[in-house]
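Reading through the structure tokens given below for one structure.
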Amino acid sequence: MMLRVISVLRKSINSITPFQQRSFSIQNEEEVRIPVPCGTIAAKWWGPKDVRPIVSVHGWQDNSGSFDRLIPLLPDHMSFLAIDLPGHGLSSRYPAGTAYHTLDYVTLLESIRQRFNWDQMSLLGHSRGAVINYAYSAIFPNNVNLNVALDPIKPYLAYPTKVALTLSRRIPKLLEADSYNTQGTEPPSYTYEELIEHLYIGTGKSVSKEAAPYLLKRNMAESKLHPGKFYFTRDNRLKHPFQAGLGWSPEVCLELAKRLTMPHFCFKINRSDGWLYHGEEFYRTYFELVAGGNPNFEGRFVDGTHHVHLCEPEKVAPLIGRFLEKYWKKLPTSMIWKESS
């Protein structure tokens, strides 16, 4: 059955390549595992192994497959380390009884930097990954030599009147999901086509049905109870995020933005449904503020869905490529990391 699953995935992926790929091929993509305090981070290393990679961080409930169609369109002499965040993809989950906080992921980035013994990192992030990179870059600006952010840019804005009500709903649901995990019960299973439909609808149709296989291949397993069906493997606790853990006010977000002095490229997506994650005014203020103190900043509004980099990578790849060619520095590295003390 697993051979059939692999065949289905390959057929789905091979049928959705309308854009011309550059020099990357599957041989240039290598699975790596990085030991970190919470367990193991699964990642894909694209490009030369002796060049320090651009650490690429996916969005909420996605995985490193989010970049499978973008990275092949970027300069082929650069390297990219696309990671699965804890609880996502093939990476370890956080221990039972804990929740997933954005700040924990910021700590994870610093752990990865220390593991590889890098003085600085280059960052590429989408959605929650862009938020994580934003927070890391503001907290540790000297540790980042460039930051590319793909929709959105800043942390979730917590409205004071809604914080308590939101947490009062999410904490019980989190505990329920945590209990479900510890029981070892198999999640609901679906046909492969139903998985695609769930992902399509669950993302507000942001992930097209044609692009869904790129995320599913690291987020599904074959059911042991229902032959021919599959289930999502991401941690159920991710459905109940504690966004209040980084629910900074607009004032705090803008103050932190002043610390983003490294080359910084931001894309905000103009979605057809009008959704803009707290409004266009904030982002225009953000763009103006960062540009006022950072001559190497560029902010753009781009038409498309929230997952435009996955569904229509040709829209953003040339812009990202030009930015990287201008600011990326070739720095040596290896796939050998420093053992923890």
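Just so we're on the same page: first chain in the structure tokens is A, next is B, and so on; residues restart at 1 for each chain, and ligands are numbered from 1 in the order they show up.
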
Can you tell me, as an MDAnalysis selection string, what residues are no more than 10 Å from Arg259 in chain A when counting only C-alpha atoms, ignoring any on the same chain fewer than 5 positions away? chainID A and resid 134 137:142 254 290 293:294

From range 165-284 of chain A, collect each residue whose DSSP state is strand (DSSP E) and return the set as number ranges by chain. A: 220-222, 230-232, 264-270

Point out the residue among A:Asp178, A:Asp151, A:Glu251, A:Asp303 with the least atom-to-atom distance to Phe267 in chain A, counting only C-alpha atoms.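 Of A:Asp178, A:Asp151, A:Glu251, A:Asp303, the one nearest Phe267 in chain A, counting only C-alpha atoms, is A:Asp151.
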
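Closest approach to Ser208 in chain A among A:Lys239, A:His309, A:Lys268, A:Lys44 is made by A:His309 (distances from only C-alpha atoms).
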
Which neighbours of range 315-324 of chain A fall inside 12 Å, counting only C-alpha atoms, when residues of the same chain fewer than 5 positions from it are skipped, and could you give them as a PyMOL selection string? chain A and resi 19-22+54+67+69-80+122-125+145-151+263-269+296-305+307-310+329-330

With distances taken over only C-alpha atoms, which of A:Gly204, A:Gly87, A:Gly97, A:Gly59 is nearest to Asn133 in chain A?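 Nearest to Asn133 in chain A: A:Gly59.
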